[in-house]
file data-v6.cif (mmCIF, C-alpha atoms)
data_final
#
loop_
_atom_site.label_atom_id
_atom_site.label_comp_id
_atom_site.auth_asym_id
_atom_site.auth_seq_id
_atom_site.Cartn_x
_atom_site.Cartn_y
_atom_site.Cartn_z
CA MET A 24 100.09 107.26 98.15
CA ASN A 25 101.48 104.30 96.19
CA ASP A 26 98.52 101.99 96.67
CA PRO A 27 97.51 99.32 94.11
CA ARG A 28 93.89 99.86 95.15
CA ILE A 29 94.09 103.40 93.76
CA ALA A 30 95.37 102.02 90.46
CA ARG A 31 92.43 99.60 90.33
CA LEU A 32 89.94 102.34 91.14
CA ALA A 33 91.39 104.56 88.42
CA GLU A 34 91.02 101.75 85.87
CA ILE A 35 87.36 101.33 86.81
CA LEU A 36 86.72 105.07 86.41
CA ILE A 37 88.46 105.35 83.04
CA ASP A 38 87.53 102.04 81.40
CA HIS A 39 84.25 100.95 83.02
CA SER A 40 82.54 104.17 84.10
CA CYS A 41 83.61 106.59 81.34
CA GLN A 42 84.71 104.05 78.71
CA LEU A 43 87.14 106.71 77.58
CA LYS A 44 88.16 106.64 73.92
CA LYS A 45 90.97 108.17 71.89
CA GLY A 46 90.47 111.87 71.28
CA GLU A 47 87.81 112.35 73.95
CA LYS A 48 88.14 115.18 76.46
CA VAL A 49 87.65 114.37 80.15
CA LEU A 50 87.35 116.91 82.96
CA ILE A 51 88.68 115.66 86.30
CA GLU A 52 87.29 117.84 89.09
CA ALA A 53 89.03 117.32 92.45
CA ILE A 54 87.56 118.93 95.56
CA ASP A 55 89.32 118.87 98.94
CA LEU A 56 91.45 115.84 98.16
CA PRO A 57 94.03 115.05 100.88
CA GLU A 58 96.55 113.86 98.30
CA THR A 59 96.95 113.67 94.54
CA ALA A 60 97.63 110.00 93.74
CA LEU A 61 94.23 109.20 92.20
CA VAL A 62 94.17 112.33 90.04
CA CYS A 63 97.69 111.67 88.79
CA ARG A 64 96.83 108.06 87.96
CA LEU A 65 93.69 109.19 86.09
CA ILE A 66 95.76 111.63 84.03
CA GLU A 67 98.22 108.85 83.21
CA LEU A 68 95.56 106.34 82.18
CA ALA A 69 93.51 108.86 80.18
CA SER A 70 96.62 109.91 78.28
CA LYS A 71 97.54 106.28 77.55
CA ARG A 72 94.04 105.82 76.07
CA GLY A 73 94.70 108.76 73.74
CA ALA A 74 92.23 111.02 75.57
CA GLN A 75 92.74 114.61 76.69
CA PRO A 76 92.55 115.01 80.49
CA LEU A 77 91.85 118.43 82.00
CA VAL A 78 91.95 119.03 85.76
CA THR A 79 90.37 121.57 88.07
CA VAL A 80 91.14 121.64 91.81
CA LYS A 81 88.69 123.21 94.26
CA ASN A 82 88.55 123.88 97.98
CA GLN A 83 85.28 123.90 99.93
CA GLU A 84 86.37 126.70 102.26
CA ILE A 85 86.98 128.93 99.23
CA LEU A 86 83.69 127.81 97.69
CA ARG A 87 81.93 128.74 100.93
CA ALA A 88 83.26 132.29 100.63
CA LEU A 89 82.11 132.49 97.02
CA TYR A 90 78.63 131.23 97.84
CA GLN A 91 78.25 133.38 100.94
CA HIS A 92 79.41 136.69 99.46
CA GLY A 93 78.71 136.25 95.76
CA SER A 94 76.27 138.55 94.02
CA GLU A 95 73.75 137.22 91.52
CA ALA A 96 75.96 138.51 88.69
CA ASN A 97 79.11 136.98 90.21
CA ILE A 98 77.60 133.53 90.80
CA GLY A 99 75.92 133.63 87.40
CA LEU A 100 79.23 134.42 85.69
CA ALA A 101 80.95 131.48 87.42
CA GLY A 102 78.12 129.21 86.31
CA GLU A 103 78.26 130.47 82.72
CA LEU A 104 82.03 129.95 82.46
CA GLU A 105 81.85 126.42 83.87
CA LYS A 106 78.89 125.65 81.62
CA GLN A 107 80.87 126.61 78.53
CA ARG A 108 83.78 124.44 79.68
CA MET A 109 81.51 121.48 80.40
CA LYS A 110 80.02 121.75 76.91
CA LYS A 111 83.45 121.00 75.48
CA MET A 112 83.82 117.78 77.50
CA ASP A 113 83.00 114.22 76.48
CA ALA A 114 83.41 112.85 80.02
CA TYR A 115 83.56 114.06 83.60
CA ILE A 116 85.05 112.52 86.74
CA GLY A 117 84.14 114.33 89.95
CA ILE A 118 86.08 113.38 93.11
CA ARG A 119 85.34 115.00 96.46
CA GLY A 120 87.04 114.67 99.79
CA ALA A 121 85.68 116.50 102.79
CA ALA A 122 87.54 118.03 105.68
CA ASN A 123 84.23 119.38 107.02
CA ASN A 124 80.87 118.07 105.81
CA SER A 125 79.14 121.08 107.40
CA GLN A 126 81.21 123.70 105.57
CA PHE A 127 78.15 125.31 103.99
CA SER A 128 75.83 125.08 107.01
CA ASP A 129 75.99 128.82 107.79
CA VAL A 130 75.62 130.04 104.20
CA PRO A 131 72.16 131.68 103.95
CA GLN A 132 69.64 129.56 102.09
CA SER A 133 69.02 132.45 99.71
CA GLN A 134 72.68 132.32 98.66
CA MET A 135 72.62 128.54 98.27
CA ASP A 136 69.53 128.96 96.11
CA LEU A 137 71.49 131.35 93.87
CA TYR A 138 74.27 128.78 93.59
CA GLN A 139 71.82 125.99 92.76
CA LYS A 140 69.93 128.10 90.22
CA LEU A 141 72.78 129.92 88.47
CA TRP A 142 75.79 127.64 88.88
CA TRP A 143 75.07 124.01 89.78
CA ASN A 144 71.89 123.52 87.74
CA PRO A 145 73.12 125.03 84.43
CA VAL A 146 76.45 123.19 84.62
CA HIS A 147 75.45 119.80 86.01
CA SER A 148 71.70 119.28 85.52
CA LYS A 149 71.59 120.88 82.06
CA VAL A 150 74.95 119.84 80.57
CA ARG A 151 77.02 117.33 82.53
CA VAL A 152 74.27 114.81 83.31
CA PRO A 153 72.54 114.65 79.89
CA GLU A 154 75.51 115.37 77.60
CA THR A 155 78.63 113.66 79.03
CA LYS A 156 79.79 110.27 80.22
CA TRP A 157 80.10 111.13 83.90
CA VAL A 158 80.94 109.49 87.21
CA VAL A 159 81.16 110.96 90.70
CA LEU A 160 82.76 109.58 93.83
CA ARG A 161 84.12 110.51 97.24
CA TYR A 162 87.70 110.08 98.42
CA PRO A 163 88.47 108.48 101.80
CA THR A 164 89.28 111.03 104.50
CA ALA A 165 89.47 111.03 108.28
CA SER A 166 86.20 112.99 108.46
CA MET A 167 84.43 110.33 106.40
CA ALA A 168 85.82 107.66 108.71
CA GLN A 169 84.52 109.62 111.67
CA SER A 170 81.04 109.90 110.11
CA ALA A 171 81.11 106.15 109.54
CA LYS A 172 82.25 105.62 113.16
CA MET A 173 85.35 103.75 111.97
CA SER A 174 89.09 104.15 112.32
CA THR A 175 90.77 105.80 109.34
CA SER A 176 92.57 102.58 108.41
CA ALA A 177 89.45 100.42 108.68
CA PHE A 178 87.46 102.94 106.67
CA GLU A 179 90.03 102.93 103.86
CA ASP A 180 89.73 99.14 103.64
CA PHE A 181 85.93 99.43 103.58
CA TYR A 182 86.06 102.21 100.99
CA PHE A 183 88.20 100.34 98.47
CA ASP A 184 86.28 97.09 99.00
CA VAL A 185 82.97 98.82 98.27
CA CYS A 186 84.20 101.04 95.44
CA THR A 187 86.05 98.35 93.50
CA ALA A 188 83.18 95.85 93.55
CA ASP A 189 82.58 93.39 90.72
CA TYR A 190 80.30 95.67 88.71
CA VAL A 191 79.94 93.15 85.89
CA LYS A 192 78.37 90.63 88.30
CA MET A 193 76.28 93.39 89.87
CA ALA A 194 74.85 94.22 86.45
CA LYS A 195 73.85 90.59 85.86
CA ASP A 196 72.20 90.29 89.29
CA GLN A 197 70.17 93.45 88.65
CA GLU A 198 68.65 92.25 85.39
CA PRO A 199 65.66 90.39 86.92
CA LEU A 200 64.81 93.40 89.11
CA VAL A 201 64.88 95.70 86.09
CA LYS A 202 62.51 93.32 84.31
CA ARG A 203 60.07 93.22 87.24
CA MET A 204 60.12 96.99 87.78
CA SER A 205 59.61 97.63 84.07
CA ALA A 206 56.46 95.47 84.14
CA ALA A 207 55.10 96.96 87.38
CA ASP A 208 52.36 99.54 87.82
CA LYS A 209 51.29 99.97 91.46
CA ILE A 210 53.98 100.21 94.15
CA HIS A 211 53.21 99.96 97.88
CA ILE A 212 55.86 100.80 100.48
CA LYS A 213 55.38 99.83 104.13
CA ALA A 214 57.60 100.46 107.15
CA PRO A 215 57.24 101.99 110.63
CA GLY A 216 55.68 105.39 110.01
CA THR A 217 55.43 104.66 106.27
CA ASP A 218 52.44 103.67 104.17
CA LEU A 219 52.88 105.01 100.65
CA GLN A 220 51.46 104.06 97.26
CA PHE A 221 52.28 105.29 93.76
CA SER A 222 52.53 104.16 90.14
CA ILE A 223 55.64 103.71 87.99
CA LYS A 224 53.77 102.50 84.91
CA GLY A 225 55.51 103.44 81.69
CA ILE A 226 58.49 105.15 83.31
CA PRO A 227 61.86 103.75 82.14
CA VAL A 228 63.89 101.72 84.64
CA ARG A 229 67.65 102.10 84.86
CA PRO A 230 70.16 99.77 86.55
CA CYS A 231 73.25 101.34 88.12
CA HIS A 232 76.42 99.28 88.29
CA GLY A 233 79.44 101.56 88.38
CA GLN A 234 78.87 103.78 85.37
CA ARG A 235 77.69 106.97 87.11
CA ASN A 236 78.32 106.58 90.84
CA ILE A 237 81.17 104.95 92.73
CA PRO A 238 80.26 103.05 94.84
CA ASP A 239 77.18 101.85 93.01
CA GLY A 240 74.35 99.39 93.37
CA GLU A 241 70.78 100.54 92.72
CA VAL A 242 67.96 100.26 90.22
CA PHE A 243 65.94 103.42 89.74
CA THR A 244 62.91 104.82 88.01
CA ALA A 245 60.47 107.61 88.89
CA PRO A 246 56.88 107.64 90.11
CA ILE A 247 54.20 109.08 87.90
CA ARG A 248 54.40 112.63 89.21
CA ASP A 249 50.90 113.03 90.63
CA SER A 250 50.38 109.45 91.79
CA LEU A 251 51.91 109.46 95.29
CA GLU A 252 49.47 109.10 98.17
CA GLY A 253 50.33 108.48 101.81
CA VAL A 254 53.25 109.08 104.11
CA ILE A 255 56.92 108.13 104.31
CA ARG A 256 59.21 108.40 107.31
CA TYR A 257 62.88 108.14 106.38
CA ASN A 258 65.14 106.60 109.03
CA ALA A 259 68.61 107.50 107.72
CA PRO A 260 69.95 110.95 108.61
CA THR A 261 70.62 113.08 105.56
CA LEU A 262 73.07 115.89 104.89
CA TYR A 263 71.93 118.63 102.52
CA GLN A 264 73.93 121.79 101.85
CA GLY A 265 75.82 121.39 105.11
CA THR A 266 72.80 120.78 107.39
CA VAL A 267 71.87 117.40 108.90
CA PHE A 268 68.19 116.40 108.87
CA GLU A 269 66.92 113.42 110.87
CA ASN A 270 63.66 111.45 110.79
CA VAL A 271 62.38 113.35 107.76
CA GLU A 272 58.70 112.69 107.15
CA PHE A 273 56.63 113.60 104.08
CA GLU A 274 52.88 113.36 103.52
CA PHE A 275 51.72 113.24 99.90
CA LYS A 276 48.45 114.15 98.25
CA LYS A 277 48.17 113.87 94.47
CA GLY A 278 51.94 113.58 94.29
CA LYS A 279 52.72 116.77 96.20
CA ILE A 280 54.45 116.96 99.58
CA VAL A 281 51.74 118.71 101.58
CA ARG A 282 53.41 118.24 104.95
CA ALA A 283 57.11 117.96 105.77
CA ASP A 284 58.62 117.53 109.21
CA CYS A 285 61.77 116.27 110.88
CA SER A 286 63.31 116.02 114.32
CA GLY A 287 66.03 118.26 115.71
CA GLY A 288 64.42 121.62 115.08
CA ASN A 289 65.23 121.84 111.37
CA ALA A 290 61.66 121.65 110.02
CA GLY A 291 61.81 125.28 108.94
CA ALA A 292 64.97 124.71 106.91
CA LEU A 293 63.47 121.53 105.47
CA ASN A 294 60.41 123.36 104.20
CA GLU A 295 62.52 126.22 102.89
CA ILE A 296 64.40 123.76 100.66
CA LEU A 297 61.13 122.23 99.47
CA ASP A 298 59.88 125.71 98.59
CA SER A 299 62.92 126.40 96.38
CA ASP A 300 60.77 125.99 93.27
CA LYS A 301 57.53 124.32 92.14
CA GLY A 302 59.15 120.94 91.46
CA ALA A 303 60.87 120.55 94.83
CA ARG A 304 57.68 119.27 96.51
CA TYR A 305 57.28 116.51 93.93
CA ILE A 306 59.30 113.32 93.52
CA GLY A 307 61.79 112.89 90.68
CA GLU A 308 63.28 109.46 91.48
CA TRP A 309 62.49 106.21 93.24
CA SER A 310 65.32 103.72 93.66
CA ILE A 311 65.86 100.30 95.22
CA ALA A 312 69.37 99.84 96.59
CA CYS A 313 71.32 96.59 96.43
CA ASN A 314 74.94 97.09 97.46
CA ASN A 315 75.09 94.79 100.46
CA ARG A 316 78.66 95.79 101.31
CA VAL A 317 77.21 99.07 102.64
CA LYS A 318 75.43 98.32 105.92
CA ARG A 319 74.65 101.61 107.67
CA PRO A 320 74.37 105.33 106.95
CA MET A 321 77.39 107.62 107.23
CA LEU A 322 75.96 111.00 106.12
CA ASP A 323 77.30 110.60 102.61
CA THR A 324 74.67 110.22 99.93
CA LEU A 325 76.81 108.25 97.48
CA PHE A 326 77.23 105.53 100.12
CA ASP A 327 73.95 105.84 102.02
CA GLU A 328 71.71 105.56 98.95
CA LYS A 329 73.33 102.18 98.11
CA ILE A 330 72.77 100.53 101.52
CA GLY A 331 71.64 96.94 101.06
CA GLY A 332 67.96 96.60 102.01
CA SER A 333 67.24 100.31 101.55
CA MET A 334 65.41 102.52 99.05
CA HIS A 335 65.32 106.23 98.40
CA LEU A 336 62.56 108.54 97.24
CA THR A 337 63.91 111.81 95.92
CA PRO A 338 62.27 115.24 96.03
CA GLY A 339 63.08 117.34 92.99
CA GLN A 340 64.61 116.88 89.57
CA ALA A 341 63.94 113.72 87.56
CA TYR A 342 66.66 112.18 85.44
CA GLU A 343 65.96 112.43 81.71
CA GLU A 344 66.66 108.71 81.29
CA ALA A 345 63.81 107.86 83.72
CA ASP A 346 61.71 110.96 83.31
CA ASN A 347 58.37 111.75 84.93
CA GLY A 348 58.53 115.37 83.82
CA ASN A 349 59.44 116.88 87.18
CA ARG A 350 61.87 119.79 87.02
CA SER A 351 63.63 121.38 89.96
CA ARG A 352 67.06 122.64 90.98
CA VAL A 353 66.69 120.33 94.00
CA HIS A 354 67.58 116.62 93.79
CA TRP A 355 67.73 115.22 97.31
CA ASP A 356 68.19 111.47 97.80
CA ILE A 357 66.77 110.59 101.23
CA VAL A 358 67.02 107.00 102.42
CA LEU A 359 64.62 104.56 104.07
CA ILE A 360 66.37 101.41 105.35
CA GLN A 361 64.09 98.37 105.67
CA THR A 362 66.39 95.81 107.28
CA PRO A 363 65.28 94.36 110.67
CA GLU A 364 67.72 96.48 112.72
CA TYR A 365 66.06 99.59 111.26
CA GLY A 366 62.50 98.44 111.85
CA GLY A 367 61.93 96.33 108.74
CA GLY A 368 59.50 97.01 105.95
CA GLU A 369 57.98 95.76 102.73
CA ILE A 370 57.93 96.60 99.02
CA TRP A 371 54.99 95.40 96.93
CA PHE A 372 54.64 95.33 93.12
CA ASP A 373 51.02 95.08 91.95
CA GLY A 374 49.92 93.28 95.10
CA VAL A 375 52.94 90.94 95.24
CA MET A 376 55.50 91.39 98.02
CA VAL A 377 58.95 91.42 96.39
CA ARG A 378 61.06 92.48 99.38
CA LYS A 379 60.56 92.02 103.11
CA ASP A 380 62.88 93.37 105.79
CA GLY A 381 65.47 94.19 103.14
CA ARG A 382 65.57 90.72 101.51
CA PHE A 383 64.14 89.97 98.08
CA LEU A 384 61.60 87.13 98.09
CA PRO A 385 61.27 85.93 94.45
CA LYS A 386 63.81 83.29 93.42
CA ASP A 387 64.99 85.26 90.40
CA LEU A 388 66.07 88.11 92.72
CA ALA A 389 68.01 85.88 95.12
CA GLY A 390 71.38 87.05 93.77
CA LEU A 391 70.67 90.50 95.17
CA ASN A 392 70.54 89.08 98.73
CA ALA A 393 74.19 87.93 98.76
CA GLY A 394 76.01 89.47 101.70
CA LEU A 395 72.94 90.73 103.57
#
call {"tool": "encode", "arguments": {"input": "data-v6.cif", "output": "structure tokens"}}
result
Amino acid sequence: MNDPRIARLAEILIDHSCQLKKGEKVLIEAIDLPETALVCRLIELASKRGAQPLVTVKNQEILRALYQHGSEANIGLAGELEKQRMKKMDAYIGIRGAANNSQFSDVPQSQMDLYQKLWWNPVHSKVRVPETKWVVLRYPTASMAQSAKMSTSAFEDFYFDVCTADYVKMAKDQEPLVKRMSAADKIHIKAPGTDLQFSIKGIPVRPCHGQRNIPDGEVFTAPIRDSLEGVIRYNAPTLYQGTVFENVEFEFKKGKIVRADCSGGNAGALNEILDSDKGARYIGEWSIACNNRVKRPMLDTLFDEKIGGSMHLTPGQAYEEADNGNRSRVHWDIVLIQTPEYGGGEIWFDGVMVRKDGRFLPKDLAGLNAGL
């Protein structure tokens, strides 16, 4: 595909997200891509910067077979080999297409747990995230367009518009929100089926504007681990390890998810995931989204968690840069949309309402409402 939008996206990934320098080693991991243009352009640009690009190409159908039939020793060996490779990298660019978002839906949870524990967690949670300059993104496919309920052509236009946003302006608009969140203690979230309170006092706050996720547009921190009290009902469907969960609802006591339910008959699978380890029933991230180009969920976390007027509260692993001490091989971003068409809602900082029905109220946050 000879598309100037691909060239622009590649420049953002190399120069803005990874800020790749001469001599640095970058791993480009391509999974189920329908064509090679972006990978080839990344290789070209990285080489021009004097960096050393390495490429690995994966296929989800093959990965399914490995996960489903792999022994503990086999999966552990794969994780160890990839861990050693990742340790040699300065940067990582992960690009995933998807011919079938449900490819792993029939892999037993016990096998997916082995993968998470012995492969994904050692490579990504322990090395890639804390030790490299990394960015992850999807690649537009017909299946993504179908999930978004758009034609393939219209979805491609949407994709490149969202992914090549003005991240410099986004960073400037996020600054007042970072300041307010950094000063906040008590948070109160209200929405239909949701009445939840927690504290973020003393936890670092991190703005996201194209350096780790593409598309981007969120400001995140983490709750004090044991501070959550109340209930949240998420209203965006979520895809986790090939299974779709809808209307997920959590009840918290002293920070722990003591009750978890969802519609569609998947409550058992939901609780099985939350029982993966001790940290999976605690929250590792809370994030306010602010990419107003993304309007509705499409069963893709990298897009859904950025929906303008939404927030996500994440069971599992905390990021070290906004750390509340929670450790888990699970990190599951589940989204609550608070715009009027999804029932509305409110976010309060220390008794002051800062967002209502998806729109920020204080004047210094007005830039984050553009496009809503």
call {"tool": "closest_residue", "arguments": {"input": "data-v6.cif", "among": "A:Ser333, A:Thr324, A:Ser176, A:Thr59", "to": "Arg382 of chain A", "atoms": "all atoms listed in the file"}}
result
A:Ser333
call {"tool": "closest_residue", "arguments": {"input": "data-v6.cif", "among": "A:Val281, A:Leu160, A:Leu395, A:Met321", "to": "Asp298 of chain A", "atoms": "all atoms listed in the file"}}
result
A:Val281
call {"tool": "axis_aligned_box", "arguments": {"input": "data-v6.cif", "around": "segment 104-107 of chain A", "padding_each_side": "5 Å", "output": "AutoDock Vina command-line options"}}
result
--center_x 80.5 --center_y 127.8 --center_z 81.2 --size_x 13.1 --size_y 14.3 --size_z 15.3
call {"tool": "residues_near_point", "arguments": {"input": "data-v6.cif", "point": "(95.2, 106.1, 95.4)", "cutoff": "12 Å", "atoms": "all atoms listed in the file", "output": "list in words"}}
result
Met24, Asn25, Asp26, Pro27, Arg28, Ile29, Ala30, Arg31, Leu32, Ala33, Glu34, Leu56, Pro57, Glu58, Thr59, Ala60, Leu61, Val62, Cys63, Arg64, Leu65, Ile118, Tyr162, Pro163, Thr164, Glu179, Tyr182 and Phe183 of chain A
call {"tool": "residues_around", "arguments": {"input": "data-v6.cif", "residues": "Ala207 of chain A", "least_positions_apart": "6", "cutoff": "7 Å", "atoms": "all atoms listed in the file", "output": "list in words"}}
result
Ile223, Lys224, Phe372 and Asp373 of chain A
call {"tool": "write_last_selection", "arguments": {"input": "data-v6.cif", "atoms": "C-alpha atoms", "output": "tab-separated table (two decimals), in the coordinates of the input"}}
result
chain	number	residue	atom	x	y	z
A	223	ILE	CA	55.64	103.71	87.99
A	224	LYS	CA	53.77	102.50	84.91
A	372	PHE	CA	54.64	95.33	93.12
A	373	ASP	CA	51.02	95.08	91.95
call {"tool": "closest_residue", "arguments": {"input": "data-v6.cif", "among": "A:Glu364, A:Glu52, A:Asp327, A:Asp300", "to": "Gln340 of chain A", "atoms": "all atoms listed in the file"}}
result
A:Asp300
call {"tool": "residues_around", "arguments": {"input": "data-v6.cif", "residues": "segment 267-276 of chain A", "least_positions_apart": "2", "cutoff": "10 Å", "atoms": "only C-alpha atoms", "output": "VMD selection string"}}
result
chain A and resid 124 to 125 128 216 to 220 249 to 265 278 to 290 292 to 293 304 to 306 322 338 357 to 359
call {"tool": "residues_around", "arguments": {"input": "data-v6.cif", "residues": "Gln134 of chain A", "least_positions_apart": "6", "cutoff": "12 Å", "atoms": "all atoms listed in the file", "output": "JSON, numbers by chain"}}
result
{"A": [86, 87, 88, 89, 90, 91, 92, 93, 94, 95, 97, 98, 99, 127, 128, 140, 141, 142, 264, 299]}
call {"tool": "closest_residue", "arguments": {"input": "data-v6.cif", "among": "A:Lys213, A:Lys48, A:Lys386, A:His354", "to": "Ser148 of chain A", "atoms": "all atoms listed in the file"}}
result
A:His354
call {"tool": "closest_residue", "arguments": {"input": "data-v6.cif", "among": "A:Pro363, A:Gly381, A:Gly225, A:Gly240", "to": "Asp189 of chain A", "atoms": "only C-alpha atoms"}}
result
A:Gly240
call {"tool": "closest_residue", "arguments": {"input": "data-v6.cif", "among": "A:Ile85, A:Met167, A:Ile37, A:Leu384", "to": "Gln126 of chain A", "atoms": "all atoms listed in the file"}}
result
A:Ile85
call {"tool": "resolve_selection", "arguments": {"input": "data-v6.cif", "expression": "the PyMOL selection byres ((chain A and resi 315-318) around 7)", "output": "list in words"}}
result
Val185, Cys313, Asn314, Arg319, Phe326, Lys329, Ile330, Gly331, Gly394 and Leu395 of chain A
call {"tool": "resolve_selection", "arguments": {"input": "data-v6.cif", "expression": "the PyMOL selection byres ((chain A and resi 132) around 9)", "output": "count of residues only"}}
result
12
call {"tool": "atom_distance", "arguments": {"input": "data-v6.cif", "atom1": "atom CA of Ser70 of chain A", "atom2": "atom CA of Lys111 of chain A"}}
result
17.4 Å
call {"tool": "atom_distance", "arguments": {"input": "data-v6.cif", "atom1": "atom CA of Ile212 of chain A", "atom2": "atom CA of Glu369 of chain A"}}
result
5.9 Å
call {"tool": "residues_near_point", "arguments": {"input": "data-v6.cif", "point": "(77.0, 94.9, 83.5)", "cutoff": "12 Å", "atoms": "only C-alpha atoms", "output": "list in words"}}
result
His39, Ser40, Ala188, Asp189, Tyr190, Val191, Lys192, Met193, Ala194, Lys195, Asp196, Gln197, Glu198, Arg229, Pro230, Cys231, His232, Gly233, Gln234, Asp239 and Gly240 of chain A
call {"tool": "residues_around", "arguments": {"input": "data-v6.cif", "residues": "Val228 of chain A", "least_positions_apart": "5", "cutoff": "8 Å", "atoms": "all atoms listed in the file", "output": "PyMOL selection string"}}
result
chain A and resi 201+204-205+242-244+345
call {"tool": "resolve_selection", "arguments": {"input": "data-v6.cif", "expression": "the PyMOL selection byres ((chain A and resi 245) around 9)", "output": "PyMOL selection string"}}
result
chain A and resi 222-223+226-228+243-244+246-248+306-310+336-337+341-342+345-347
call {"tool": "atom_distance", "arguments": {"input": "data-v6.cif", "atom1": "atom CA of Ile116 of chain A", "atom2": "atom CA of Gln83 of chain A"}}
result
17.4 Å
call {"tool": "build_atoms", "arguments": {"input": "data-v6.cif", "residues": "segment 359-377 of chain A", "atoms": "N, CA and C atoms", "output": "mmCIF file, keeping the file's coordinate frame"}}
result
data_model
loop_
_atom_site.group_PDB
_atom_site.id
_atom_site.type_symbol
_atom_site.label_atom_id
_atom_site.label_comp_id
_atom_site.auth_asym_id
_atom_site.auth_seq_id
_atom_site.Cartn_x
_atom_site.Cartn_y
_atom_site.Cartn_z
ATOM 1 N N LEU A 359 65.389 105.391 103.139
ATOM 2 C CA LEU A 359 64.620 104.560 104.070
ATOM 3 C C LEU A 359 65.247 103.166 104.070
ATOM 4 N N ILE A 360 65.767 102.746 105.207
ATOM 5 C CA ILE A 360 66.370 101.410 105.350
ATOM 6 C C ILE A 360 65.310 100.468 105.904
ATOM 7 N N GLN A 361 65.153 99.298 105.291
ATOM 8 C CA GLN A 361 64.090 98.370 105.670
ATOM 9 C C GLN A 361 64.613 97.049 106.220
ATOM 10 N N THR A 362 65.860 97.020 106.652
ATOM 11 C CA THR A 362 66.390 95.810 107.280
ATOM 12 C C THR A 362 65.843 95.721 108.716
ATOM 13 N N PRO A 363 65.879 94.524 109.340
ATOM 14 C CA PRO A 363 65.280 94.360 110.670
ATOM 15 C C PRO A 363 65.827 95.333 111.720
ATOM 16 N N GLU A 364 67.144 95.602 111.695
ATOM 17 C CA GLU A 364 67.720 96.480 112.720
ATOM 18 C C GLU A 364 67.236 97.920 112.587
ATOM 19 N N TYR A 365 66.630 98.255 111.447
ATOM 20 C CA TYR A 365 66.060 99.590 111.260
ATOM 21 C C TYR A 365 64.535 99.569 111.226
ATOM 22 N N GLY A 366 63.951 98.496 111.729
ATOM 23 C CA GLY A 366 62.500 98.440 111.850
ATOM 24 C C GLY A 366 61.794 97.627 110.793
ATOM 25 N N GLY A 367 62.537 97.162 109.770
ATOM 26 C CA GLY A 367 61.930 96.330 108.740
ATOM 27 C C GLY A 367 61.079 97.116 107.778
ATOM 28 N N GLY A 368 60.371 96.370 106.932
ATOM 29 C CA GLY A 368 59.500 97.010 105.950
ATOM 30 C C GLY A 368 59.262 96.112 104.757
ATOM 31 N N GLU A 369 58.387 96.566 103.890
ATOM 32 C CA GLU A 369 57.980 95.760 102.730
ATOM 33 C C GLU A 369 57.893 96.630 101.487
ATOM 34 N N ILE A 370 58.160 95.994 100.326
ATOM 35 C CA ILE A 370 57.930 96.600 99.020
ATOM 36 C C ILE A 370 57.052 95.654 98.223
ATOM 37 N N TRP A 371 55.954 96.182 97.697
ATOM 38 C CA TRP A 371 54.990 95.400 96.930
ATOM 39 C C TRP A 371 54.910 95.932 95.505
ATOM 40 N N PHE A 372 54.893 94.995 94.515
ATOM 41 C CA PHE A 372 54.640 95.330 93.120
ATOM 42 C C PHE A 372 53.285 94.722 92.743
ATOM 43 N N ASP A 373 52.319 95.559 92.429
ATOM 44 C CA ASP A 373 51.020 95.080 91.950
ATOM 45 C C ASP A 373 50.446 93.982 92.840
ATOM 46 N N GLY A 374 50.498 94.205 94.148
ATOM 47 C CA GLY A 374 49.920 93.280 95.100
ATOM 48 C C GLY A 374 50.786 92.095 95.467
ATOM 49 N N VAL A 375 52.010 92.028 94.937
ATOM 50 C CA VAL A 375 52.940 90.940 95.240
ATOM 51 C C VAL A 375 54.107 91.511 96.043
ATOM 52 N N MET A 376 54.374 90.927 97.215
ATOM 53 C CA MET A 376 55.500 91.390 98.020
ATOM 54 C C MET A 376 56.798 90.878 97.400
ATOM 55 N N VAL A 377 57.690 91.812 97.019
ATOM 56 C CA VAL A 377 58.950 91.420 96.390
ATOM 57 C C VAL A 377 60.142 91.571 97.342
#
